[in-house]
Amino acid sequence: DYTYYFVPAPWLSCKLLRLLQCYPPPEDGAVKGRLVECLETILNKAQEPPKSKKVQHSNAKNAILFEAISLIIHYD
């Protein structure tokens, strides 16, 4: 189980989002749609009330959120 303070695999998520920034935006509509869906899910989960009041939980959520925002800016 790779859950860190109720956040599933935050280090892997950050690394994969950063890896996607090394490539141009996808041109295939299906791939682009799936990526947009994943990014929307990340943004929506960031707005949910925290499951834990510990700072580690918010740090993990914010790290993923910042990488997602960085990817959105890269693709824009």
# chains A, B, ... in the order shown; residues from 1 in each chain; ligands from 1
>>> residues_around(residues="Asn62 in chain A", least_positions_apart="6", cutoff="10 Å", atoms="only C-alpha atoms", output="PyMOL selection string")
chain A and resi 10+46+56+68
>>> write_last_selection(atoms="C-alpha atoms", output="compact mmCIF listing (two decimals), in the first residue's frame")
# COMPACT_ATOMS: atom_id res chain seq x y z
CA PRO A 10 2.08 11.15 -3.95
CA ALA A 46 -7.69 19.33 -4.03
CA GLN A 56 1.92 15.89 5.88
CA ALA A 68 -0.84 19.34 -12.08
>>> residues_around(residues="Ile64 in chain A", least_positions_apart="5", cutoff="10 Å", atoms="only C-alpha atoms", output="CSV table (one decimal) with C-alpha atoms, in the first residue's frame")
chain,number,residue,atom,x,y,z
A,7,VAL,CA,-2.9,10.4,-0.4
A,9,ALA,CA,1.4,7.4,-4.0
A,10,PRO,CA,2.1,11.2,-3.9
A,11,TRP,CA,5.7,10.8,-5.0
A,12,LEU,CA,4.9,8.7,-8.0
A,13,SER,CA,2.1,11.1,-9.0
A,14,CYS,CA,4.4,14.0,-8.8
A,15,LYS,CA,7.1,12.3,-10.8
A,16,LEU,CA,4.7,11.2,-13.5
A,17,LEU,CA,3.1,14.7,-13.8
A,18,ARG,CA,6.6,16.1,-14.1
A,42,ILE,CA,-6.8,16.2,-9.3
A,43,LEU,CA,-8.2,19.7,-9.2
A,46,ALA,CA,-7.7,19.3,-4.0
A,59,ASN,CA,1.8,18.8,1.8
A,69,ILE,CA,-1.0,23.1,-12.4
A,70,SER,CA,2.5,23.2,-13.8
>>> select_by_dssp(residues="chain A", states="strand (DSSP E or B)", output="VMD selection string")
chain A and resid 3 to 4 7 to 8
>>> residues_around(residues="range 48-50 of chain A", least_positions_apart="5", cutoff="10 Å", atoms="only C-alpha atoms", output="PyMOL selection string")
chain A and resi 6+43+57-58+61
>>> closest_residue(among="A:Asp1, A:Leu39, A:Pro25, A:Lys53", to="Glu67 in chain A", atoms="only C-alpha atoms")
A:Leu39
>>> atom_distance(atom1="CA of Val31 in chain A", atom2="CA of Tyr4 in chain A")
28.4 Å
>>> atom_distance(atom1="CA of Thr3 in chain A", atom2="CA of Leu35 in chain A")
22.3 Å
>>> atom_distance(atom1="CA of Lys45 in chain A", atom2="CA of Phe66 in chain A")
12.8 Å
